[in-house]
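**Q** Just so it is clear, I am handing over run_24.pdb, which has PDB, C-alpha atoms (C1' of nucleotides).
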ATOM      1  CA  MET A 345     -90.564 -84.955  21.181
ATOM      2  CA  ASN A 346     -87.593 -87.105  20.286
ATOM      3  CA  TYR A 347     -87.445 -86.821  16.534
ATOM      4  CA  GLN A 348     -85.449 -89.750  15.196
ATOM      5  CA  LEU A 349     -84.651 -89.204  11.547
ATOM      6  CA  ASP A 350     -84.000 -92.866  10.903
ATOM      7  CA  GLU A 351     -87.520 -93.767  11.979
ATOM      8  CA  GLN A 352     -89.368 -91.275   9.766
ATOM      9  CA  VAL A 353     -91.205 -92.805   6.819
ATOM     10  CA  GLY A 354     -89.931 -90.200   4.418
ATOM     11  CA  PHE A 355     -86.340 -90.973   5.208
ATOM     12  CA  VAL A 356     -86.741 -94.729   4.980
ATOM     13  CA  LEU A 357     -88.758 -94.267   1.814
ATOM     14  CA  ARG A 358     -85.877 -92.334   0.298
ATOM     15  CA  LYS A 359     -83.373 -95.010   1.257
ATOM     16  CA  ALA A 360     -85.580 -97.754  -0.137
ATOM     17  CA  THR A 361     -85.823 -95.792  -3.367
ATOM     18  CA  GLN A 362     -82.057 -95.412  -3.511
ATOM     19  CA  ARG A 363     -81.607 -99.133  -3.143
ATOM     20  CA  HIS A 364     -84.162 -99.760  -5.846
ATOM     21  CA  LEU A 365     -82.440 -97.301  -8.199
ATOM     22  CA  GLY A 366     -79.205 -99.193  -7.680
ATOM     23  CA  ILE A 367     -80.879-102.486  -8.549
ATOM     24  CA  PHE A 368     -82.431-100.888 -11.604
ATOM     25  CA  ALA A 369     -79.122 -99.508 -12.837
ATOM     26  CA  ASP A 370     -77.497-102.922 -12.424
ATOM     27  CA  ASN A 371     -80.187-104.677 -14.452
ATOM     28  CA  ILE A 372     -80.946-102.021 -17.074
ATOM     29  CA  PRO A 373     -77.991 -99.668 -17.461
ATOM     30  CA  ASP A 374     -79.365 -98.346 -20.762
ATOM     31  CA  PHE A 375     -82.334 -96.555 -19.206
ATOM     32  CA  THR A 376     -83.279 -94.595 -16.153
ATOM     33  CA  PRO A 377     -86.426 -95.848 -14.409
ATOM     34  CA  THR A 378     -88.437 -92.904 -15.685
ATOM     35  CA  GLN A 379     -87.260 -93.383 -19.247
ATOM     36  CA  PHE A 380     -88.124 -97.055 -19.107
ATOM     37  CA  ALA A 381     -91.490 -96.288 -17.538
ATOM     38  CA  ALA A 382     -92.286 -93.863 -20.336
ATOM     39  CA  LEU A 383     -91.225 -96.343 -23.013
ATOM     40  CA  ALA A 384     -93.128 -99.204 -21.382
ATOM     41  CA  LYS A 385     -96.300 -97.177 -21.050
ATOM     42  CA  LEU A 386     -95.948 -95.999 -24.611
ATOM     43  CA  CYS A 387     -95.566 -99.542 -25.938
ATOM     44  CA  GLU A 388     -98.659-100.466 -23.950
ATOM     45  CA  LEU A 389    -100.750 -97.590 -25.283
ATOM     46  CA  GLY A 390     -99.355 -97.262 -28.782
ATOM     47  CA  GLN A 391     -99.979 -93.576 -29.268
ATOM     48  CA  VAL A 392    -100.710 -90.822 -26.749
ATOM     49  CA  SER A 393    -100.095 -87.137 -26.395
ATOM     50  CA  GLN A 394     -96.980 -86.149 -24.510
ATOM     51  CA  ASN A 395     -98.794 -84.657 -21.534
ATOM     52  CA  GLU A 396    -101.139 -87.610 -21.216
ATOM     53  CA  LEU A 397     -98.186 -89.974 -21.205
ATOM     54  CA  GLY A 398     -96.785 -87.860 -18.418
ATOM     55  CA  ARG A 399     -99.986 -88.236 -16.424
ATOM     56  CA  LYS A 400     -99.976 -91.999 -16.849
ATOM     57  CA  THR A 401     -96.374 -92.260 -15.712
ATOM     58  CA  ALA A 402     -96.625 -89.757 -12.852
ATOM     59  CA  MET A 403     -94.484 -87.073 -14.455
ATOM     60  CA  ASP A 404     -95.477 -83.458 -14.845
ATOM     61  CA  ALA A 405     -95.355 -81.703 -18.200
ATOM     62  CA  ALA A 406     -91.850 -80.332 -17.731
ATOM     63  CA  THR A 407     -90.428 -83.695 -16.721
ATOM     64  CA  ILE A 408     -92.018 -85.811 -19.437
ATOM     65  CA  LYS A 409     -90.778 -83.338 -22.013
ATOM     66  CA  GLY A 410     -87.160 -83.948 -21.080
ATOM     67  CA  VAL A 411     -87.681 -87.703 -20.980
ATOM     68  CA  ILE A 412     -89.282 -87.778 -24.436
ATOM     69  CA  ASP A 413     -86.551 -85.530 -25.806
ATOM     70  CA  ARG A 414     -83.923 -88.027 -24.688
ATOM     71  CA  LEU A 415     -85.801 -91.041 -26.004
ATOM     72  CA  ARG A 416     -86.356 -89.286 -29.320
ATOM     73  CA  LYS A 417     -82.692 -88.437 -29.603
ATOM     74  CA  ARG A 418     -82.052 -92.191 -29.466
ATOM     75  CA  ASP A 419     -84.774 -92.870 -32.058
ATOM     76  CA  LEU A 420     -86.773 -94.983 -29.632
ATOM     77  CA  VAL A 421     -89.842 -92.790 -29.915
ATOM     78  CA  ALA A 422     -91.162 -90.414 -32.568
ATOM     79  CA  THR A 423     -93.492 -87.437 -32.291
ATOM     80  CA  THR A 424     -96.124 -85.972 -34.604
ATOM     81  CA  ARG A 425     -98.600 -83.130 -34.267
ATOM     82  CA  ASP A 426    -102.234 -84.022 -33.726
ATOM     83  CA  PRO A 427    -103.937 -82.731 -36.893
ATOM     84  CA  ASN A 428    -107.165 -82.219 -34.939
ATOM     85  CA  ASP A 429    -105.562 -80.249 -32.133
ATOM     86  CA  GLN A 430    -102.544 -78.172 -32.947
ATOM     87  CA  ARG A 431    -101.507 -78.042 -29.322
ATOM     88  CA  ARG A 432    -101.113 -81.778 -28.962
ATOM     89  CA  LEU A 433     -97.929 -83.678 -29.632
ATOM     90  CA  PHE A 434     -98.501 -87.360 -30.309
ATOM     91  CA  VAL A 435     -95.771 -89.735 -29.204
ATOM     92  CA  GLN A 436     -95.297 -93.256 -30.555
ATOM     93  CA  PRO A 437     -92.655 -95.900 -30.049
ATOM     94  CA  THR A 438     -90.500 -96.630 -33.082
ATOM     95  CA  LYS A 439     -89.820-100.169 -34.263
ATOM     96  CA  GLU A 440     -86.464 -99.934 -32.533
ATOM     97  CA  GLY A 441     -88.147 -98.625 -29.408
ATOM     98  CA  ARG A 442     -90.517-101.571 -29.263
ATOM     99  CA  GLU A 443     -87.710-104.054 -29.807
ATOM    100  CA  THR A 444     -85.533-102.461 -27.177
ATOM    101  CA  TYR A 445     -88.413-102.482 -24.732
ATOM    102  CA  LEU A 446     -89.086-106.179 -25.315
ATOM    103  CA  ASN A 447     -85.415-106.967 -24.821
ATOM    104  CA  PHE A 448     -85.563-105.500 -21.338
ATOM    105  CA  GLU A 449     -88.980-106.693 -20.262
ATOM    106  CA  GLN A 450     -87.592-109.740 -18.461
ATOM    107  CA  ALA A 451     -84.922-107.629 -16.797
ATOM    108  CA  ALA A 452     -87.631-105.278 -15.589
ATOM    109  CA  HIS A 453     -89.412-108.168 -13.917
ATOM    110  CA  ASN A 454     -86.173-109.180 -12.268
ATOM    111  CA  ILE A 455     -85.800-105.679 -10.868
ATOM    112  CA  THR A 456     -89.135-105.905  -9.116
ATOM    113  CA  ARG A 457     -88.299-109.362  -7.806
ATOM    114  CA  GLU A 458     -84.884-108.321  -6.565
ATOM    115  CA  THR A 459     -86.220-105.177  -4.920
ATOM    116  CA  LEU A 460     -88.746-107.200  -2.949
ATOM    117  CA  ALA A 461     -86.372-110.085  -2.246
ATOM    118  CA  PRO A 462     -85.792-109.225   1.442
ATOM    119  CA  LEU A 463     -89.467-109.998   2.076
ATOM    120  CA  ASP A 464     -91.023-113.446   1.837
ATOM    121  CA  ALA A 465     -93.896-114.112  -0.560
ATOM    122  CA  THR A 466     -96.652-113.291   1.919
ATOM    123  CA  GLU A 467     -94.951-110.114   3.094
ATOM    124  CA  GLN A 468     -94.438-108.986  -0.487
ATOM    125  CA  GLN A 469     -98.138-109.121  -1.198
ATOM    126  CA  ILE A 470     -99.001-107.226   1.956
ATOM    127  CA  PHE A 471     -96.306-104.664   1.387
ATOM    128  CA  VAL A 472     -97.265-103.839  -2.185
ATOM    129  CA  LYS A 473    -100.890-103.574  -1.148
ATOM    130  CA  MET A 474    -100.072-101.166   1.670
ATOM    131  CA  LEU A 475     -97.725 -99.148  -0.475
ATOM    132  CA  GLY A 476    -100.562 -98.791  -2.945
ATOM    133  CA  LYS A 477    -102.664 -97.191  -0.242
ATOM    134  CA  LEU A 478    -100.021 -94.541   0.310
ATOM    135  CA  VAL A 479    -100.348 -93.184  -3.233
TER     136      VAL A 479
ATOM    137  CA  MET B1071     -94.733-111.690 -19.688
ATOM    138  CA  ASN B1072     -97.333-108.986 -19.215
ATOM    139  CA  TYR B1073     -95.367-106.143 -17.703
ATOM    140  CA  GLN B1074     -97.771-103.806 -15.948
ATOM    141  CA  LEU B1075     -96.009-100.607 -15.008
ATOM    142  CA  ASP B1076     -98.564 -99.688 -12.377
ATOM    143  CA  GLU B1077     -97.861-102.885 -10.475
ATOM    144  CA  GLN B1078     -94.091-102.561 -10.297
ATOM    145  CA  VAL B1079     -92.702-101.694  -6.858
ATOM    146  CA  GLY B1080     -90.390 -99.055  -8.234
ATOM    147  CA  PHE B1081     -93.208 -97.162  -9.859
ATOM    148  CA  VAL B1082     -95.468 -97.280  -6.815
ATOM    149  CA  LEU B1083     -92.513 -96.367  -4.646
ATOM    150  CA  ARG B1084     -91.946 -93.283  -6.760
ATOM    151  CA  LYS B1085     -95.583 -92.253  -6.522
ATOM    152  CA  ALA B1086     -95.620 -92.763  -2.767
ATOM    153  CA  THR B1087     -92.527 -90.591  -2.525
ATOM    154  CA  GLN B1088     -94.170 -87.899  -4.621
ATOM    155  CA  ARG B1089     -97.153 -87.848  -2.314
ATOM    156  CA  HIS B1090     -94.879 -87.649   0.701
ATOM    157  CA  LEU B1091     -92.924 -84.762  -0.828
ATOM    158  CA  GLY B1092     -96.175 -82.894  -1.306
ATOM    159  CA  ILE B1093     -97.133 -83.423   2.320
ATOM    160  CA  PHE B1094     -93.684 -82.297   3.382
ATOM    161  CA  ALA B1095     -93.860 -79.110   1.322
ATOM    162  CA  ASP B1096     -97.273 -78.303   2.799
ATOM    163  CA  ASN B1097     -96.043 -78.669   6.375
ATOM    164  CA  ILE B1098     -92.504 -77.304   6.077
ATOM    165  CA  PRO B1099     -92.254 -74.977   3.088
ATOM    166  CA  ASP B1100     -88.960 -73.537   4.383
ATOM    167  CA  PHE B1101     -86.969 -76.699   3.803
ATOM    168  CA  THR B1102     -86.652 -79.561   1.413
ATOM    169  CA  PRO B1103     -86.715 -83.011   3.041
ATOM    170  CA  THR B1104     -82.998 -83.469   2.510
ATOM    171  CA  GLN B1105     -82.158 -80.080   3.972
ATOM    172  CA  PHE B1106     -84.297 -80.800   6.997
ATOM    173  CA  ALA B1107     -82.785 -84.253   7.365
ATOM    174  CA  ALA B1108     -79.287 -82.785   7.351
ATOM    175  CA  LEU B1109     -80.212 -80.113   9.888
ATOM    176  CA  ALA B1110     -82.002 -82.617  12.135
ATOM    177  CA  LYS B1111     -79.101 -85.056  12.088
ATOM    178  CA  LEU B1112     -76.697 -82.236  12.749
ATOM    179  CA  CYS B1113     -78.668 -81.026  15.767
ATOM    180  CA  GLU B1114     -78.670 -84.597  17.032
ATOM    181  CA  LEU B1115     -74.920 -85.085  16.594
ATOM    182  CA  GLY B1116     -73.658 -81.593  17.333
ATOM    183  CA  GLN B1117     -70.565 -81.689  15.193
ATOM    184  CA  VAL B1118     -69.546 -83.986  12.365
ATOM    185  CA  SER B1119     -67.528 -83.813   9.199
ATOM    186  CA  GLN B1120     -69.439 -82.998   6.046
ATOM    187  CA  ASN B1121     -68.962 -86.381   4.421
ATOM    188  CA  GLU B1122     -69.901 -88.258   7.581
ATOM    189  CA  LEU B1123     -73.070 -86.221   7.857
ATOM    190  CA  GLY B1124     -73.780 -87.251   4.305
ATOM    191  CA  ARG B1125     -73.358 -90.910   5.214
ATOM    192  CA  LYS B1126     -75.723 -90.590   8.143
ATOM    193  CA  THR B1127     -78.363 -88.928   6.008
ATOM    194  CA  ALA B1128     -77.950 -91.166   2.961
ATOM    195  CA  MET B1129     -76.423 -88.536   0.708
ATOM    196  CA  ASP B1130     -73.224 -88.939  -1.234
ATOM    197  CA  ALA B1131     -70.389 -86.428  -0.985
ATOM    198  CA  ALA B1132     -71.535 -84.350  -3.935
ATOM    199  CA  THR B1133     -75.112 -84.115  -2.693
ATOM    200  CA  ILE B1134     -74.371 -83.235   0.925
ATOM    201  CA  LYS B1135     -72.030 -80.511  -0.273
ATOM    202  CA  GLY B1136     -74.832 -78.683  -2.065
ATOM    203  CA  VAL B1137     -77.177 -79.127   0.876
ATOM    204  CA  ILE B1138     -74.643 -77.749   3.369
ATOM    205  CA  ASP B1139     -73.840 -74.859   1.024
ATOM    206  CA  ARG B1140     -77.498 -73.840   1.021
ATOM    207  CA  LEU B1141     -77.909 -74.206   4.769
ATOM    208  CA  ARG B1142     -74.748 -72.194   5.348
ATOM    209  CA  LYS B1143     -75.951 -69.455   3.042
ATOM    210  CA  ARG B1144     -78.928 -69.112   5.389
ATOM    211  CA  ASP B1145     -76.679 -69.131   8.480
ATOM    212  CA  LEU B1146     -78.281 -72.277   9.841
ATOM    213  CA  VAL B1147     -75.016 -74.195   9.909
ATOM    214  CA  ALA B1148     -71.366 -73.188  10.107
ATOM    215  CA  THR B1149     -68.224 -74.990   8.978
ATOM    216  CA  THR B1150     -64.675 -75.130  10.340
ATOM    217  CA  ARG B1151     -61.563 -77.050   9.350
ATOM    218  CA  ASP B1152     -60.566 -79.987  11.489
ATOM    219  CA  PRO B1153     -57.167 -78.947  12.901
ATOM    220  CA  ASN B1154     -56.132 -82.607  13.146
ATOM    221  CA  ASP B1155     -57.023 -83.460   9.578
ATOM    222  CA  GLN B1156     -56.703 -80.765   6.991
ATOM    223  CA  ARG B1157     -59.038 -82.569   4.639
ATOM    224  CA  ARG B1158     -61.985 -82.610   7.013
ATOM    225  CA  LEU B1159     -64.636 -79.938   7.173
ATOM    226  CA  PHE B1160     -66.536 -79.884  10.448
ATOM    227  CA  VAL B1161     -70.155 -78.798  10.297
ATOM    228  CA  GLN B1162     -72.155 -77.506  13.274
ATOM    229  CA  PRO B1163     -75.622 -76.056  13.627
ATOM    230  CA  THR B1164     -75.729 -72.356  14.524
ATOM    231  CA  LYS B1165     -77.937 -71.040  17.325
ATOM    232  CA  GLU B1166     -80.402 -69.964  14.668
ATOM    233  CA  GLY B1167     -80.169 -73.376  13.068
ATOM    234  CA  ARG B1168     -81.051 -75.119  16.312
ATOM    235  CA  GLU B1169     -83.951 -72.790  16.962
ATOM    236  CA  THR B1170     -85.315 -73.192  13.473
ATOM    237  CA  TYR B1171     -85.042 -76.939  13.751
ATOM    238  CA  LEU B1172     -86.947 -76.990  17.053
ATOM    239  CA  ASN B1173     -89.665 -74.808  15.552
ATOM    240  CA  PHE B1174     -90.327 -77.416  12.903
ATOM    241  CA  GLU B1175     -89.884 -80.558  14.964
ATOM    242  CA  GLN B1176     -93.601 -80.891  15.620
ATOM    243  CA  ALA B1177     -94.408 -80.249  11.975
ATOM    244  CA  ALA B1178     -91.963 -82.999  11.044
ATOM    245  CA  HIS B1179     -93.857 -85.430  13.229
ATOM    246  CA  ASN B1180     -97.079 -84.392  11.583
ATOM    247  CA  ILE B1181     -95.582 -85.138   8.173
ATOM    248  CA  THR B1182     -94.859 -88.716   9.173
ATOM    249  CA  ARG B1183     -98.330 -89.092  10.649
ATOM    250  CA  GLU B1184    -100.039 -87.627   7.600
ATOM    251  CA  THR B1185     -97.990 -89.729   5.208
ATOM    252  CA  LEU B1186     -99.045 -92.906   7.001
ATOM    253  CA  ALA B1187    -102.633 -91.779   7.563
ATOM    254  CA  PRO B1188    -104.170 -94.063   4.895
ATOM    255  CA  LEU B1189    -103.096 -97.054   7.010
ATOM    256  CA  ASP B1190    -104.523 -97.951  10.401
ATOM    257  CA  ALA B1191    -102.275 -98.183  13.452
ATOM    258  CA  THR B1192    -101.480-101.882  13.048
ATOM    259  CA  GLU B1193    -100.779-101.570   9.350
ATOM    260  CA  GLN B1194     -98.486 -98.608   9.956
ATOM    261  CA  GLN B1195     -96.271-100.643  12.254
ATOM    262  CA  ILE B1196     -96.090-103.521   9.806
ATOM    263  CA  PHE B1197     -95.469-101.251   6.868
ATOM    264  CA  VAL B1198     -92.613 -99.320   8.443
ATOM    265  CA  LYS B1199     -91.034-102.563   9.578
ATOM    266  CA  MET B1200     -91.232-104.059   6.076
ATOM    267  CA  LEU B1201     -89.999-100.882   4.457
ATOM    268  CA  GLY B1202     -87.033-101.010   6.783
ATOM    269  CA  LYS B1203     -86.170-104.440   5.398
ATOM    270  CA  LEU B1204     -86.018-103.033   1.886
ATOM    271  CA  VAL B1205     -83.149-100.688   2.729
TER     272      VAL B1205
ATOM    273  C1'  DC C 247    -120.283 -64.568 -30.953
ATOM    274  C1'  DA C 248    -117.019 -62.895 -27.773
ATOM    275  C1'  DA C 249    -114.828 -63.287 -23.240
ATOM    276  C1'  DA C 250    -113.190 -66.404 -19.926
ATOM    277  C1'  DA C 251    -111.407 -70.557 -18.731
ATOM    278  C1'  DT C 252    -108.886 -74.504 -19.794
ATOM    279  C1'  DC C 253    -105.427 -77.282 -21.894
ATOM    280  C1'  DT C 254    -101.089 -78.021 -24.514
ATOM    281  C1'  DA C 255     -96.330 -77.774 -24.674
ATOM    282  C1'  DT C 256     -92.309 -75.072 -23.593
ATOM    283  C1'  DT C 257     -88.858 -72.435 -20.938
ATOM    284  C1'  DT C 258     -86.463 -70.955 -16.816
ATOM    285  C1'  DG C 259     -84.903 -71.634 -12.284
ATOM    286  C1'  DT C 260     -84.001 -74.377  -8.140
ATOM    287  C1'  DA C 261     -82.926 -78.700  -5.738
ATOM    288  C1'  DT C 262     -81.891 -83.319  -5.309
ATOM    289  C1'  DA C 263     -79.001 -87.511  -6.765
ATOM    290  C1'  DC C 264     -75.535 -90.088  -8.986
ATOM    291  C1'  DT C 265     -71.089 -90.857 -11.702
ATOM    292  C1'  DA C 266     -66.561 -89.779 -12.717
ATOM    293  C1'  DA C 267     -62.524 -87.378 -12.222
ATOM    294  C1'  DC C 268     -59.495 -84.511  -9.546
ATOM    295  C1'  DG C 269     -56.059 -82.675  -6.002
ATOM    296  C1'  DA C 270     -54.618 -82.782  -1.532
ATOM    297  C1'  DG C 271     -54.073 -84.928   2.846
ATOM    298  C1'  DT C 272     -53.653 -89.290   5.711
ATOM    299  C1'  DT C 273     -52.924 -94.369   6.630
ATOM    300  C1'  DT C 274     -51.390 -98.621   5.573
ATOM    301  C1'  DT C 275     -48.072-101.732   3.972
ATOM    302  C1'  DC C 276     -43.944-103.646   2.727
TER     303       DC C 276
ATOM    304  C1'  DG D  46     -39.440 -94.263   4.955
ATOM    305  C1'  DA D  47     -41.340 -94.567   0.391
ATOM    306  C1'  DA D  48     -45.114 -96.463  -2.439
ATOM    307  C1'  DA D  49     -49.756 -97.744  -2.528
ATOM    308  C1'  DA D  50     -54.203 -97.281  -0.972
ATOM    309  C1'  DC D  51     -57.592 -94.731   0.920
ATOM    310  C1'  DT D  52     -60.296 -90.604   2.370
ATOM    311  C1'  DC D  53     -62.025 -85.825   1.989
ATOM    312  C1'  DG D  54     -64.023 -82.332  -0.326
ATOM    313  C1'  DT D  55     -64.792 -80.243  -4.850
ATOM    314  C1'  DT D  56     -66.192 -79.813  -9.646
ATOM    315  C1'  DA D  57     -68.512 -81.031 -13.946
ATOM    316  C1'  DG D  58     -71.967 -83.462 -16.311
ATOM    317  C1'  DT D  59     -76.442 -85.886 -16.724
ATOM    318  C1'  DA D  60     -81.180 -86.850 -15.280
ATOM    319  C1'  DT D  61     -85.122 -86.456 -12.643
ATOM    320  C1'  DA D  62     -88.760 -83.358 -10.295
ATOM    321  C1'  DC D  63     -91.382 -79.366  -9.270
ATOM    322  C1'  DA D  64     -92.937 -74.391  -9.532
ATOM    323  C1'  DA D  65     -93.991 -70.517 -12.154
ATOM    324  C1'  DA D  66     -94.482 -68.044 -16.242
ATOM    325  C1'  DT D  67     -95.557 -67.899 -21.176
ATOM    326  C1'  DA D  68     -97.707 -68.568 -25.799
ATOM    327  C1'  DG D  69    -101.103 -70.884 -28.680
ATOM    328  C1'  DA D  70    -105.001 -73.464 -29.413
ATOM    329  C1'  DT D  71    -109.435 -75.160 -27.995
ATOM    330  C1'  DT D  72    -113.732 -75.285 -25.082
ATOM    331  C1'  DT D  73    -116.931 -73.456 -22.219
ATOM    332  C1'  DT D  74    -119.987 -69.799 -20.807
ATOM    333  C1'  DG D  75    -122.787 -65.982 -20.613
TER     334       DG D  75
END
Could you show the structure in this file as C-alpha cells?
**A**
Amino acid sequence: MNYQLDEQVGFVLRKATQRHLGIFADNIPDFTPTQFAALAKLCELGQVSQNELGRKTAMDAATIKGVIDRLRKRDLVATTRDPNDQRRLFVQPTKEGRETYLNFEQAAHNITRETLAPLDATEQQIFVKMLGKLV
Amino acid sequence: MNYQLDEQVGFVLRKATQRHLGIFADNIPDFTPTQFAALAKLCELGQVSQNELGRKTAMDAATIKGVIDRLRKRDLVATTRDPNDQRRLFVQPTKEGRETYLNFEQAAHNITRETLAPLDATEQQIFVKMLGKLV
DNA sequence: CAAAATCTATTTGTATACTAACGAGTTTTC
DNA sequence: GAAAACTCGTTAGTATACAAATAGATTTTG
C-alpha cells in the first residue's frame, strides 16, 4: 500500500495554494483572492445577479453572499433589485470599485508571474494547460 | 493589460482544489482531507507533538489544534503531556484510529488516481513534478 | 389555470486557514 | 544566573467554503 501523504496530489495542491495565498497577500493586502476575483469579474461584466457572479467565480450562493456583503460595506460594489425578477439582486461595481480594481490590476499580474516563477516559460505553459484539465 | 480571471493560476488552482475536495468527499465522507492527512501522518510517525504534526501536514498551530480536537472527540487520537517539556502535547493514534486509517487507505489512493484521471500517465508524472516545484 | 419544479437569495452550522495576541515553559546569550 | 529570545499550545477574530433548510418569486407542465 504505502500511502505517502507528501506524494498525494491533494496534499501538494493544498501546499501550492498556501504558497499562492501568501504571494497574493504580499502583493494585494487589501483584498482576499476571492474578493478580488469577484471585483475583477464584476468590472469585466458590468452588471450581473449575485448568484450568477458566484457561478462565474466558482463560489456557491452562500459564499458569494458574504463576499458581496464585505465589498458593499467598503462601497466598492452596489446592489439593486431586478425590477423584472424580484428574486434577483443585481450587483455593480461603484466608481470607487472600478478605480480600486484598476489600481491593483498590475499587481494581480505580478501575483500570477510570481506564483509560476519556479517554472521556466515552457513549463509554465504546460503546467497551466494541465491544471486546466483538472477542473 | 487585459486581466482574464479564468486564466490566472490562482483561480484555476482554486477550481482544481474544489474538484479534488468533491472527489475526496465522495470517497471518504467520514473525514475532511485535513483530518485524514493528520491521521495518516500520525499513523506514519507514531507519536509527535501537536505543533510538529501541524508542521508536517502544512497546518499552523491554530489549525492543527482544531483538527486534533475533532479527532480526539471521536477517539481516533489521544494526547499526553511530554514529561520532559511541560509545554509539549504528544499526540498518538488510538487502536481505533489506526484501524480506521487502514480501512480508508485504499480509498485515499483512489482519490489521488481519480483526481489525476483527466491526464494520461505521462502527463500525471510531469504534472505532479511541476506542482511540487510550486510549493 | 393550477400544481410541480426550478431558481433566487438568505440563514445556520461545521470545518478549514490565517493573523495576532497571550501565558507559560525552555534555551540561548552575555 | 538573569535577561532576552524562542517555542508551545490556546484563544479570539476574520474570511472562505460547503451542506442543508427556508421563503419568495418565476417557469414549466399536465
**Q** Near chain C, which residues of chain B fall within 7 Å when you count only C-alpha atoms (C1' of nucleotides), and what do they look like as a ChimeraX atom specification?
**A** /B:1133,1156-1157
**Q** Up to 10 Å from chain B, what residues of chain A turn up? Count all atoms listed in the file and give them as a ChimeraX atom specification.
**A** /A:345-365,368,377-378,380-382,384-385,388,400-403,446,449-450,452-453,455-457,459-463,467-468,470-479
**Q** If you measure from atom CA of A:Glu396 to atom CA of B:Glu1184, what distance in Å do you get, rounded to one decimal?
**A** 28.8 Å
**Q** Can you list what the PyMOL selection byres ((chain A and resi 425) around 12) grabs from this structure, as a PyMOL selection string?
**A** (chain A and resi 391-394+422-424+426-436) or (chain C and resi 254-255)
**Q** Please report as a list in words which residues of chain D come no farther than 8 Å from chain B, using only C-alpha atoms (C1' of nucleotides).
**A**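 Here is what falls inside 8 Å: DC53, DG54 and DT55 of chain D.
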**Q** Please, which residues are within 9 Å of (-82.0, -94.6, -25.3) by the file's coordinates, counting all atoms listed in the file, and could they come as a list in words?
**A**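 Checked against the point, the hits come out as Asp374, Phe375, Gln379, Arg414, Leu415, Arg416, Lys417, Arg418, Asp419, Leu420, Gly441 and Thr444 of chain A.
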**Q** Can you measure atom CA of B:Glu1166 to atom C1' of D:DA64 for me? One decimal in Å is fine.
**A**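 About the pair atom CA of B:Glu1166 and atom C1' of D:DA64: they are 27.6 Å apart.
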**Q** Report, in Å to a single decimal, how far apart atom C1' of D:DA60 and atom CA of A:Pro373 are.
**A**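 Those two atoms sit 13.4 Å apart.
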**Q** So, with only C-alpha atoms as the atoms that count, which of A:Phe448, A:Asn454, A:Asp464, A:Val421 lies closest to A:Gly390?
**A**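 Smallest distance to A:Gly390 is found for A:Val421.
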